[in-house]
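K.L.:
Before I ask anything, let me first share the structure, which is written out below as structure tokens.
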Amino acid sequence: MTQPPPPPHQPPQGEGFGPPQDQPPQQGGSGTPQPPQGPPPAGGPDLGKAPQPGYGYPQAPGTPPAPQAPAAAPQTPPPPPPGYGYPQTPPGYGYPQTPPGYGYPAQQPGPYGGPQQPYGPPGYGYPQPAPPLQPQPGQPGGGRRVNAQLAIIVAAVVAIALIVGGGVWYAAGKDDGRKDDTASSGGGTGGDDKGGTGGSASGGAEKAPADPGSRVLFQVPMPEVKKDTSSVVVSGSWLTGKAYVKSGIAEIVGYDLDKGTKLWTIELPGPVCQASRHVTADHRTAVVYQPAMPTKLKPSHGCSQVAAIDLDAGRKLWTKTVKDGDRPANFDNVTVSGNTVAVGGTGGGAAFDITSAKVLWSPKPSDSCYDAGYGGGEKLVAVRKCGSYDQRQLNIQTIDPKSGKVISEYKMAQGIEYASVVSTDPLVVAADVGDSAGDGSGISDFFSVDNRTGKLRARISAPGDQFAARCDGITRIEHCTQLAVGNDRLYVPTEQQESSGRYSRSNAIVAFDLATGKQTGQRADAGDGYMITPLRMDGGNLLAYKRPPYDKGGQVVSIDGGSFKATKLLENPAAKSVRDVETRMLPEYSEILFAQGHLYMSKVFASSLSAANEKEYLAVAFGTG
């Protein structure tokens, strides 16, 4: 999983992880839906800006690959690497990867999204029409003492027998006297088990158009970042049947799916820290945000404000905080499962009813363990940490989303410091065992767990030099990209490899059986010069994005879950002015959503422009037909 270093886990301006500040909680006013604005003025923006060249662009021969950077990364994501797909003397390092589609209803999809329904990524500023030189289609609560999160400690390599660990099963609703239940009150049920088996495709909602050639629908300019702030988090994007929704700087904006005109705006007192990728059946979701805008003197006010958002109505339903002593607790992650909003951090976890805002549970002051975070969607899974940093015990608990009662538990081997939830149903967890991945990806192994019994089904080894994916289990428990889960399979892209064509580099997606842990033999090659990465499941089919070489446009394909045959759903224009904008949306640092012939690509950080004439885009939308 060799790749360029990621953007920082916790930029001081946006995420605000760590001890809470003295800033008192501020109740953000609910945004009022605004009347739709007229279409942007004719002419459109100049997309001909000269950004970094796309993948596959020619390079000087003999140029060695850039050295790997340490884990601490720059304040803003690095620019796109030059030229995948063009002959090189030494092979380039890393390759693009794509985050799963945020914003799909909380029904088990692949790991990140539900069955095909409405759309949704983020945005800010006024959208603009397509560039004038648009090619024709076909071209492409109780307080709890905060546990200090210590620096990452490299765990010793654990013996294989210990890695496997054991499962503990608690009967649903049974009180067996254990004190490690997640909750302090409540009761309810979890999601339905709709996990597929056997890898047979049941078909999907996405159908191939007569002409997959796309055009630019609109672009959203990058919002202005004040000079006393280097970068601001703008994470969060969702699709509904009515709008494409994108986080901007201290706001969440709904855009018309085709025209990009603003439909509504929810203003916040501070920037969004984290956003749930899951939504309810009626398109409600949740975010965590700061109570005020960061400044140079105070780069973070803490991520203490938890809010529920109605993506259809375009309004904030409520804002809540959880007390940690006399201060509001900070949270590192947020998710949605059923009708429950769950937040977690180093001070423990809490949950709210998304409709009533009722507190379902909160941290227990007397508990020596804490919920570092949750994975949502079809089921709710907690990553519960016990013990000191040098004797860490991680428990992966499937819990009742209304009460927090533990349904089943898988105990990971001691010494594994961090774990990420890839999927909750079927349950798949990723970890970097003994820091053996060696590339900062957070993944050396995947663990397939039966969330009814807590028993390990299979352990899947994913060497970093062979497979590409990334998880941030340090704070953002379910933030995994370049992965999909469905058909009782785990779909993972390979690292880039040499190819025999004119571009010389390519990769593929392969499948692992979650029951056996072995590869199924299924393989979808990207094609010469392209780099393919999973987006999400569409029924029994897998949707994937193909990052293009330097002279073509990107593609979205549907891969049949049985035959693994790929069908092209969309191909973006190959014109340089359009391609330059697309290739700046580096998949591993962007949010990519696809639904009903529409592709939305957006960034997760807004930063100050380096030059007065520089143009940058928060989001760009493509569509067929």
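Convention: chains lettered A, B, ... in structure tokens order; per-chain residue numbering from 1; ligands numbered from 1 as shown.
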Neighbouring residues of Ser602 (chain A) were defined as those with any atom within 10 Å, considering only C-alpha atoms; residues of the same chain fewer than 6 positions away were excluded. Please report them as a VMD selection string.

P.N.:
chain A and resid 121 to 123 219 to 220 222 234 to 237 246 to 247 582 584 to 587 589 to 593 617 to 621

K.L.:
Write the residues of the preceding selection, restricted to N, CA, C and O atoms, as a tab-separated table (two decimals), in the first residue's frame.

P.N.:
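And here is the file that came out, again.tsv:
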chain	number	residue	atom	x	y	z
A	121	PRO	N	-22.40	14.78	-2.32
A	121	PRO	CA	-21.14	15.28	-1.74
A	121	PRO	C	-21.24	16.72	-1.31
A	121	PRO	O	-22.30	17.32	-1.31
A	122	PRO	N	-20.14	17.41	-0.86
A	122	PRO	CA	-20.21	18.75	-0.34
A	122	PRO	C	-19.97	19.86	-1.32
A	122	PRO	O	-19.67	19.64	-2.46
A	123	GLY	N	-20.04	21.12	-0.88
A	123	GLY	CA	-19.78	22.22	-1.77
A	123	GLY	C	-19.79	23.54	-1.06
A	123	GLY	O	-20.25	23.68	0.04
A	219	GLN	N	-19.24	23.41	-11.62
A	219	GLN	CA	-18.11	23.41	-10.70
A	219	GLN	C	-18.42	24.34	-9.54
A	219	GLN	O	-19.13	25.33	-9.71
A	220	VAL	N	-17.89	24.02	-8.37
A	220	VAL	CA	-18.04	24.87	-7.19
A	220	VAL	C	-16.65	25.42	-6.84
A	220	VAL	O	-15.74	24.64	-6.53
A	222	MET	N	-13.44	26.94	-4.92
A	222	MET	CA	-12.94	26.74	-3.57
A	222	MET	C	-13.23	27.98	-2.73
A	222	MET	O	-12.98	29.10	-3.16
A	234	VAL	N	-13.23	20.58	5.14
A	234	VAL	CA	-14.53	20.70	4.47
A	234	VAL	C	-15.05	19.30	4.15
A	234	VAL	O	-15.63	19.05	3.09
A	235	SER	N	-14.85	18.36	5.06
A	235	SER	CA	-15.30	16.98	4.86
A	235	SER	C	-16.81	16.89	4.89
A	235	SER	O	-17.47	17.62	5.63
A	236	GLY	N	-17.34	15.98	4.11
A	236	GLY	CA	-18.76	15.69	4.13
A	236	GLY	C	-19.41	15.95	2.79
A	236	GLY	O	-19.36	17.07	2.27
A	237	SER	N	-19.99	14.93	2.20
A	237	SER	CA	-20.75	15.07	0.96
A	237	SER	C	-21.79	13.96	0.90
A	237	SER	O	-21.53	12.83	1.31
A	246	LYS	N	-22.82	19.43	0.09
A	246	LYS	CA	-21.38	19.49	0.36
A	246	LYS	C	-21.08	20.46	1.50
A	246	LYS	O	-21.66	21.53	1.59
A	247	SER	N	-20.16	20.06	2.37
A	247	SER	CA	-19.70	20.96	3.42
A	247	SER	C	-18.77	22.00	2.82
A	247	SER	O	-17.89	21.68	2.02
A	582	GLU	N	-10.23	17.38	-13.17
A	582	GLU	CA	-10.53	16.03	-12.65
A	582	GLU	C	-9.32	15.43	-11.94
A	582	GLU	O	-9.45	14.87	-10.85
A	584	ARG	N	-6.93	16.80	-10.47
A	584	ARG	CA	-6.57	17.46	-9.21
A	584	ARG	C	-7.41	16.93	-8.05
A	584	ARG	O	-7.08	17.18	-6.89
A	585	MET	N	-8.48	16.25	-8.37
A	585	MET	CA	-9.28	15.60	-7.33
A	585	MET	C	-8.65	14.24	-7.04
A	585	MET	O	-9.18	13.18	-7.39
A	586	LEU	N	-7.49	14.26	-6.44
A	586	LEU	CA	-6.75	13.04	-6.18
A	586	LEU	C	-7.60	12.11	-5.33
A	586	LEU	O	-7.99	12.46	-4.21
A	587	PRO	N	-7.94	10.94	-5.81
A	587	PRO	CA	-8.94	10.10	-5.14
A	587	PRO	C	-8.66	9.80	-3.67
A	587	PRO	O	-9.58	9.75	-2.88
A	589	TYR	N	-7.48	11.65	-1.52
A	589	TYR	CA	-7.70	12.82	-0.69
A	589	TYR	C	-8.99	13.54	-1.07
A	589	TYR	O	-9.17	14.71	-0.78
A	590	SER	N	-9.89	12.86	-1.75
A	590	SER	CA	-11.13	13.48	-2.21
A	590	SER	C	-12.31	12.58	-1.88
A	590	SER	O	-12.15	11.42	-1.51
A	591	GLU	N	-13.51	13.14	-2.04
A	591	GLU	CA	-14.74	12.37	-1.89
A	591	GLU	C	-15.35	12.20	-3.27
A	591	GLU	O	-15.50	13.18	-4.01
A	592	ILE	N	-15.67	10.97	-3.64
A	592	ILE	CA	-16.19	10.67	-4.96
A	592	ILE	C	-17.50	9.91	-4.83
A	592	ILE	O	-17.56	8.86	-4.20
A	593	LEU	N	-18.55	10.49	-5.40
A	593	LEU	CA	-19.89	9.89	-5.35
A	593	LEU	C	-20.40	9.68	-6.77
A	593	LEU	O	-20.20	10.52	-7.64
A	617	TYR	N	-10.97	24.36	-7.21
A	617	TYR	CA	-12.38	24.01	-7.12
A	617	TYR	C	-12.64	23.09	-5.94
A	617	TYR	O	-11.89	22.15	-5.69
A	618	LEU	N	-13.70	23.38	-5.24
A	618	LEU	CA	-14.12	22.53	-4.13
A	618	LEU	C	-14.78	21.27	-4.67
A	618	LEU	O	-14.59	20.18	-4.13
A	619	ALA	N	-15.56	21.40	-5.72
A	619	ALA	CA	-16.29	20.26	-6.27
A	619	ALA	C	-16.50	20.44	-7.76
A	619	ALA	O	-16.55	21.57	-8.27
A	620	VAL	N	-16.62	19.33	-8.46
A	620	VAL	CA	-16.95	19.33	-9.88
A	620	VAL	C	-17.92	18.18	-10.13
A	620	VAL	O	-17.81	17.12	-9.51
A	621	ALA	N	-18.89	18.40	-11.02
A	621	ALA	CA	-19.90	17.39	-11.31
A	621	ALA	C	-19.91	17.06	-12.80
A	621	ALA	O	-19.80	17.96	-13.65

K.L.:
Can you list, as a PyMOL selection string, all residues belonging to region 240-407 of chain A that DSSP tags as strand (DSSP E)?

P.N.:
chain A and resi 243-248+251-256+262-267+272-275+278-279+284-289+305-310+315-320+323-324+327-328+333-337+340-344+350-353+359-361+370-375+380-386+393-399+406-407

K.L.:
Name the closest residue to Thr229 (chain A) among the candidates A:Val429, A:Phe605, A:Val381, A:Gly561; distances are taken between atoms, counting only C-alpha atoms.

P.N.:
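Between A:Val429, A:Phe605, A:Val381, A:Gly561, the residue approaching Thr229 (chain A) most closely is A:Phe605.
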
K.L.:
Per residue of region 300-404 of chain A within 8 Å of region 276-293 of chain A, which atom pair is closest and at what distance in Å (one decimal), using only C-alpha atoms, listed by chain and increasing number, as a Markdown table?

P.N.:
| residue | atom | partner | partner_atom | distance |
| --- | --- | --- | --- | --- |
| A:Ser300 | CA | A:Gln290 | CA | 7.6 |
| A:His301 | CA | A:Gln290 | CA | 5.9 |
| A:Gly302 | CA | A:Gln290 | CA | 5.7 |
| A:Cys303 | CA | A:Gln290 | CA | 4.8 |
| A:Ser304 | CA | A:Gln290 | CA | 6.2 |
| A:Gln305 | CA | A:Tyr289 | CA | 5.2 |
| A:Val306 | CA | A:Val288 | CA | 4.6 |
| A:Ala307 | CA | A:Val287 | CA | 5.5 |
| A:Ala308 | CA | A:Ala286 | CA | 4.4 |
| A:Ile309 | CA | A:Thr285 | CA | 5.3 |
| A:Asp310 | CA | A:Arg284 | CA | 4.5 |
| A:Leu311 | CA | A:His283 | CA | 5.6 |
| A:Asp312 | CA | A:His283 | CA | 6.4 |
| A:Phe331 | CA | A:Val288 | CA | 7.4 |
| A:Asn333 | CA | A:Val288 | CA | 7.6 |
| A:Val334 | CA | A:Ser276 | CA | 5.5 |
| A:Thr335 | CA | A:Ser276 | CA | 4.6 |
| A:Val336 | CA | A:His278 | CA | 5.6 |
| A:Ser337 | CA | A:His278 | CA | 7.4 |
| A:Gly338 | CA | A:Thr280 | CA | 6.5 |
| A:Asn339 | CA | A:Thr280 | CA | 6.9 |
| A:Val341 | CA | A:Ala286 | CA | 6.7 |
| A:Ile354 | CA | A:Arg284 | CA | 7.9 |
| A:Gly376 | CA | A:His278 | CA | 7.0 |
| A:Gly377 | CA | A:His278 | CA | 5.9 |
